[in-house]
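S.K.: Quick one: structure below, then a few questions.
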Amino acid sequence: MRRTKGYQDLDENAGDPRVSISQMPPPQEIEMVSVSVVPDDTFTVTQAVNALGFGWFQVKLSLCTGLCWMADSMEMTILSILSPALHCEWNISKYQQALTTTVVFLGMMLSSTFWGNISDRYGRKTALSMCGVLLFYYGFLSAIAPNFLWLLFLRGLVGFAIGCVPQSVTLYAEFLPTKQRAKCVVLLDCFWALGACLEVALALVVMPTLGVHWLLALSTIPLLIFAIICPWLPESARYHVASGQPDKALATLEQIAQDNGRPMLLGRLVCDDSVGIGQRGRLKHLLIPHLRNTSLLLWFIWMSCAFCYYGLVLMTTELFETDLETSGECAADCRPLQTTDYMDLLWTTLAEFPGIFATIFIIEKCGRKRTMASQFVIFAICVCVLTYNGNRTFLTCVLFLARGIIAGLFQAAYVYTPEVYPTALRATAVGACSGVARLGAMITPYVAQVLLKNSIVVATGVYSIAAVLAAIACLALPIETKGREMRDTITSTT
């Protein structure tokens with residue numbers, strides 16, 4: 001076997017059980033670029049991804065999955081703008097406003113496990129392609145809904161399609177080297193924050209002149225772009241290996257090597273799936289003895305995270321309205337959001353960027369569990385401070401800090417979850433966590449939009465208690481995944 005394009009002759013390493021690439025890099029880079037082949041000339045997807053490193057392939061994938069997150073963020077951010085607008089246009093009650101938000105999360109909750117199952121059985125790319133088309137279709141139809149009931153139905157279908165979006169993180173994480181995984185997954189949240197800021201800026205321009213229906217229509221443009229580029233998404237090599245398609249997985253790894261300018265590994269790709277092709281993607285496997293405690297704790301953490309995050313998003317507009325009404329600036333029953341409201345909403349949304357970068361630093365220093373626990377505690381303190389009757393500037397600053405903390409926390413959960421589950425259950429696990437999270441998101445409108453009108457102290461107290469309990473759950477997680485390889489089998493998760 002002769003050397004071609006950076007391969008070293010095997011006979012030169014006859015006494016060495018591992019084969020290495022010629023022109024070895026400095027020692028600190030060996031883990032990322034060296035070839036590690038076990039004595040029987042086999043290698044795993046994990047070894048290949050780590051050896052091929054982070055390069056142009058991952059950059060392209062970052063942009064594609066980031067666009068998916070940006071579109072999802074715009075559909076979520078519009079909920080805080082949609083409710084007050086519909087209250088003025090169709091004279092809906094506070095409970096109907098809350099229902100407008102709840103029905104979206106209901107669709108997400110019902111579909112998250114479904115999409116996770118589809119991803120584990122038929123591939124991440126297949127699920128995301130279906131999601132992109134359905135999300136654009138139902139999002140555009142909701143813009144031309146003739147009445148409240150039709151809007152409610154179509155927004156529920158939008159929520160059903162959004163339930164697949166977390167699978168983009170599954171696909172993304174499975175192509176990331178171990179050392180870069182946490183940073184890259186957290187940085188993916190920059191696209192979420194960008195989408196939220198873009199939605200607020202779009203509302204600032206569109207709402208005063210064209211109204212909420214045009215805002216709904218224009219917000220679907222990123223969805224259309226994502227649906228168009230879905231056919232060019234790569235399928236997960238880990239999925240191909242787990243589903244008994246090593247040739248396709250090898251072709252994907254060769255594409256990574258080509259894009260990143262690295263030589264491909266020698267040997268045979270190992271196909272190891274202890275769960276079995278016919279048993280992949282089943283929810284009941286998340287509750288086997290080895291995974292039961294992890295799954296139950298993660299479900300509670302995700303539910304609390306969504307409850308707190310979307311609660312804060314909805315509370316922001318409610319608190320600004322309350323601030324103006326109590327100061328006597330506006331006592332009317334219908335008060336559309338003003339320019340100052342949109343600007344303050346934009347400032348609090350921008351808080352997600354420093355929250356993301358702070359999380360990147362902390363999560364690598366302190367680990368996943370302690371990072372999430374500390375962020376929950378800080379969020380609880382910030383929410384308690386909201387009861388202080390300060391001026392609008394003080395309120396905006398507290399909301400800014402709380403929004404940054406909870407945004408980083410949500411992304412830390414997205415880092416931890418794919419790392420702790422094996423390939424055969426990873427998409428199902430992320431889908432299940434996302435589905436349970438939507439249960440918290442379904443409840444939160446009745447606290448942030450209904451209970452808050454009656455008592456700010458009680459409403460913020462509910463969020464503080466939920467955050468403290470979730471912090472305890474984070475510390476109780478049995479596995480810390482910092483520096484841990486993504487596993488391919490159930491037996492390797494212990």
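By convention in this document, the chains of the structure tokens carry letters A, B, ... by their order, each chain's residues are numbered from 1, and ligands are numbered from 1 in the order they are shown.
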List every residue of stretch 168-240 of chain A that DSSP, applied to the backbone of this structure, places in alpha helix (DSSP H), and write the result as an MDAnalysis selection string.

M.R.: chainID A and resid 168:173 178:187 189:206 212:218 221:229 237:240

S.K.: Can I get the selection written as a short mmCIF file (atom, residue, chain, number, x, y, z; two decimals), in the first residue's frame, with N, CA and C atoms?

M.R.:
```cif
data_model
loop_
_atom_site.label_atom_id
_atom_site.label_comp_id
_atom_site.auth_asym_id
_atom_site.auth_seq_id
_atom_site.Cartn_x
_atom_site.Cartn_y
_atom_site.Cartn_z
N SER A 168 -31.97 20.22 14.38
CA SER A 168 -30.83 20.84 13.71
C SER A 168 -29.62 20.87 14.62
N VAL A 169 -29.85 20.98 15.94
CA VAL A 169 -28.74 20.93 16.90
C VAL A 169 -28.16 19.53 16.95
N THR A 170 -29.03 18.52 16.88
CA THR A 170 -28.57 17.13 16.85
C THR A 170 -27.65 16.91 15.65
N LEU A 171 -28.10 17.33 14.48
CA LEU A 171 -27.29 17.19 13.27
C LEU A 171 -25.98 17.94 13.39
N TYR A 172 -26.03 19.15 13.88
CA TYR A 172 -24.86 20.01 13.99
C TYR A 172 -23.84 19.42 14.97
N ALA A 173 -24.32 19.01 16.15
CA ALA A 173 -23.42 18.50 17.19
C ALA A 173 -22.72 17.23 16.76
N THR A 178 -14.83 17.06 19.51
CA THR A 178 -15.13 17.14 20.94
C THR A 178 -14.73 18.47 21.54
N LYS A 179 -13.53 18.96 21.21
CA LYS A 179 -13.04 20.19 21.83
C LYS A 179 -13.82 21.43 21.42
N GLN A 180 -14.38 21.42 20.24
CA GLN A 180 -15.11 22.59 19.75
C GLN A 180 -16.62 22.50 19.98
N ARG A 181 -17.11 21.36 20.42
CA ARG A 181 -18.56 21.14 20.41
C ARG A 181 -19.32 22.14 21.28
N ALA A 182 -18.90 22.29 22.52
CA ALA A 182 -19.64 23.18 23.43
C ALA A 182 -19.66 24.61 22.92
N LYS A 183 -18.48 25.11 22.51
CA LYS A 183 -18.40 26.49 22.02
C LYS A 183 -19.29 26.70 20.81
N CYS A 184 -19.24 25.75 19.86
CA CYS A 184 -19.99 25.93 18.61
C CYS A 184 -21.50 25.84 18.83
N VAL A 185 -21.94 24.92 19.66
CA VAL A 185 -23.38 24.79 19.91
C VAL A 185 -23.90 26.03 20.62
N VAL A 186 -23.13 26.56 21.56
CA VAL A 186 -23.56 27.78 22.25
C VAL A 186 -23.56 28.96 21.29
N LEU A 187 -22.52 29.03 20.43
CA LEU A 187 -22.46 30.12 19.45
C LEU A 187 -23.61 30.07 18.46
N ASP A 189 -26.50 29.89 19.17
CA ASP A 189 -27.55 30.73 19.73
C ASP A 189 -27.44 32.17 19.25
N CYS A 190 -26.29 32.54 18.69
CA CYS A 190 -26.17 33.88 18.11
C CYS A 190 -27.18 34.07 16.99
N PHE A 191 -27.45 33.01 16.24
CA PHE A 191 -28.44 33.10 15.17
C PHE A 191 -29.85 33.28 15.76
N TRP A 192 -30.10 32.62 16.89
CA TRP A 192 -31.38 32.81 17.57
C TRP A 192 -31.54 34.27 17.99
N ALA A 193 -30.51 34.81 18.65
CA ALA A 193 -30.55 36.20 19.09
C ALA A 193 -30.68 37.15 17.90
N LEU A 194 -29.97 36.84 16.81
CA LEU A 194 -30.06 37.66 15.60
C LEU A 194 -31.48 37.64 15.05
N GLY A 195 -32.11 36.46 15.03
CA GLY A 195 -33.48 36.37 14.55
C GLY A 195 -34.44 37.15 15.42
N ALA A 196 -34.25 37.10 16.73
CA ALA A 196 -35.12 37.85 17.64
C ALA A 196 -34.97 39.35 17.43
N CYS A 197 -33.73 39.81 17.28
CA CYS A 197 -33.51 41.24 17.04
C CYS A 197 -34.09 41.66 15.68
N LEU A 198 -33.93 40.81 14.67
CA LEU A 198 -34.46 41.11 13.35
C LEU A 198 -35.99 41.20 13.39
N GLU A 199 -36.63 40.34 14.15
CA GLU A 199 -38.09 40.37 14.26
C GLU A 199 -38.57 41.65 14.92
N VAL A 200 -37.89 42.07 15.98
CA VAL A 200 -38.27 43.32 16.66
C VAL A 200 -38.06 44.52 15.74
N ALA A 201 -36.93 44.54 15.02
CA ALA A 201 -36.66 45.63 14.08
C ALA A 201 -37.69 45.64 12.95
N LEU A 202 -38.06 44.46 12.47
CA LEU A 202 -39.07 44.36 11.42
C LEU A 202 -40.42 44.86 11.91
N ALA A 203 -40.75 44.51 13.14
CA ALA A 203 -42.02 44.98 13.73
C ALA A 203 -42.02 46.50 13.89
N LEU A 204 -40.88 47.04 14.25
CA LEU A 204 -40.77 48.49 14.42
C LEU A 204 -41.08 49.23 13.13
N VAL A 205 -40.70 48.63 11.99
CA VAL A 205 -40.93 49.26 10.69
C VAL A 205 -42.32 48.94 10.14
N VAL A 206 -42.75 47.68 10.28
CA VAL A 206 -43.97 47.21 9.62
C VAL A 206 -45.25 47.53 10.39
N VAL A 212 -50.13 43.76 11.61
CA VAL A 212 -49.61 42.48 12.09
C VAL A 212 -49.63 41.39 11.01
N HIS A 213 -50.59 41.43 10.07
CA HIS A 213 -50.66 40.39 9.05
C HIS A 213 -49.46 40.46 8.09
N TRP A 214 -49.05 41.66 7.75
CA TRP A 214 -47.85 41.81 6.92
C TRP A 214 -46.61 41.37 7.69
N LEU A 215 -46.60 41.63 8.99
CA LEU A 215 -45.47 41.19 9.81
C LEU A 215 -45.36 39.67 9.80
N LEU A 216 -46.49 38.99 9.93
CA LEU A 216 -46.50 37.52 9.88
C LEU A 216 -45.99 37.01 8.53
N ALA A 217 -46.41 37.67 7.46
CA ALA A 217 -46.01 37.24 6.12
C ALA A 217 -44.51 37.44 5.89
N LEU A 218 -44.00 38.63 6.22
CA LEU A 218 -42.58 38.92 5.98
C LEU A 218 -41.67 38.08 6.87
N ILE A 221 -39.93 34.78 5.39
CA ILE A 221 -38.88 34.78 4.36
C ILE A 221 -37.70 33.89 4.74
N PRO A 222 -37.15 33.98 5.97
CA PRO A 222 -36.06 33.05 6.33
C PRO A 222 -36.49 31.59 6.27
N LEU A 223 -37.76 31.31 6.53
CA LEU A 223 -38.26 29.94 6.45
C LEU A 223 -38.21 29.43 5.01
N LEU A 224 -38.57 30.31 4.08
CA LEU A 224 -38.53 29.94 2.67
C LEU A 224 -37.10 29.64 2.23
N ILE A 225 -36.16 30.49 2.67
CA ILE A 225 -34.76 30.28 2.30
C ILE A 225 -34.25 28.95 2.87
N PHE A 226 -34.60 28.67 4.12
CA PHE A 226 -34.16 27.41 4.73
C PHE A 226 -34.75 26.20 4.00
N ALA A 227 -36.03 26.29 3.63
CA ALA A 227 -36.67 25.18 2.91
C ALA A 227 -35.97 24.93 1.58
N ILE A 228 -35.49 26.00 0.93
CA ILE A 228 -34.82 25.86 -0.37
C ILE A 228 -33.45 25.19 -0.23
N ILE A 229 -32.72 25.50 0.86
CA ILE A 229 -31.36 24.96 1.00
C ILE A 229 -31.32 23.59 1.67
N ALA A 237 -23.34 11.40 9.64
CA ALA A 237 -22.56 10.16 9.47
C ALA A 237 -22.85 9.19 10.60
N ARG A 238 -23.10 9.72 11.79
CA ARG A 238 -23.44 8.85 12.93
C ARG A 238 -24.77 8.14 12.68
N TYR A 239 -25.72 8.85 12.09
CA TYR A 239 -27.00 8.21 11.77
C TYR A 239 -26.79 7.09 10.74
N HIS A 240 -25.99 7.34 9.71
CA HIS A 240 -25.75 6.32 8.70
C HIS A 240 -25.08 5.08 9.29
#
```

S.K.: Using only C-alpha atoms, which residue out of A:Gly211, A:Trp347, A:Thr428, A:Thr396 lies closest to A:Cys88?

M.R.: A:Gly211

S.K.: Which residues of stretch 73-115 of chain A come within 7 Å of stretch 444-451 of chain A, and what is each one's closest atom pair and distance in Å (one decimal), counting only C-alpha atoms, sorted by chain and residue number, as JSON lines?

M.R.:
```
{"residue": "A:Lys94", "atom": "CA", "partner": "A:Val450", "partner_atom": "CA", "distance": 6.5}
{"residue": "A:Ala98", "atom": "CA", "partner": "A:Pro445", "partner_atom": "CA", "distance": 5.1}
{"residue": "A:Thr101", "atom": "CA", "partner": "A:Pro445", "partner_atom": "CA", "distance": 6.7}
{"residue": "A:Thr102", "atom": "CA", "partner": "A:Pro445", "partner_atom": "CA", "distance": 6.8}
```

S.K.: Distance atom CA of A:Ala143-atom CA of A:Asn91, one decimal place?

M.R.: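 Computing it gives 17.8 Å between the two atoms.
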
S.K.: Work out how far apart atom CA of A:Tyr137 and atom CA of A:Val158 are and give it in Å to one decimal.

M.R.: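 Straight-line distance from atom CA of A:Tyr137 to atom CA of A:Val158 works out to 8.5 Å.
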
S.K.: Within 7 Å of A:Gly163, counting only C-alpha atoms, which residues show up once you throw out same-chain ones fewer than 6 positions away? Write them as a list of chain:residue names, please.

M.R.: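 In the requested format, the answer is A:Met108, A:Met109, A:Ser111, A:Ser112, A:Trp115.
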
S.K.: Between atom CA of A:Thr423 and atom CA of A:Gly53, what is the distance, to one decimal in Å?

M.R.: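 Atom CA of A:Gly53 lies at a distance of 19.5 Å from atom CA of A:Thr423.
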
S.K.: Would you kindly return, as a ChimeraX atom specification, each protein, DNA or RNA residue with an atom no farther than 9 Å from any atom of A:Arg370, considering only C-alpha atoms and excluding same-chain residues fewer than 5 positions away?

M.R.: /A:363,375,471,474-475
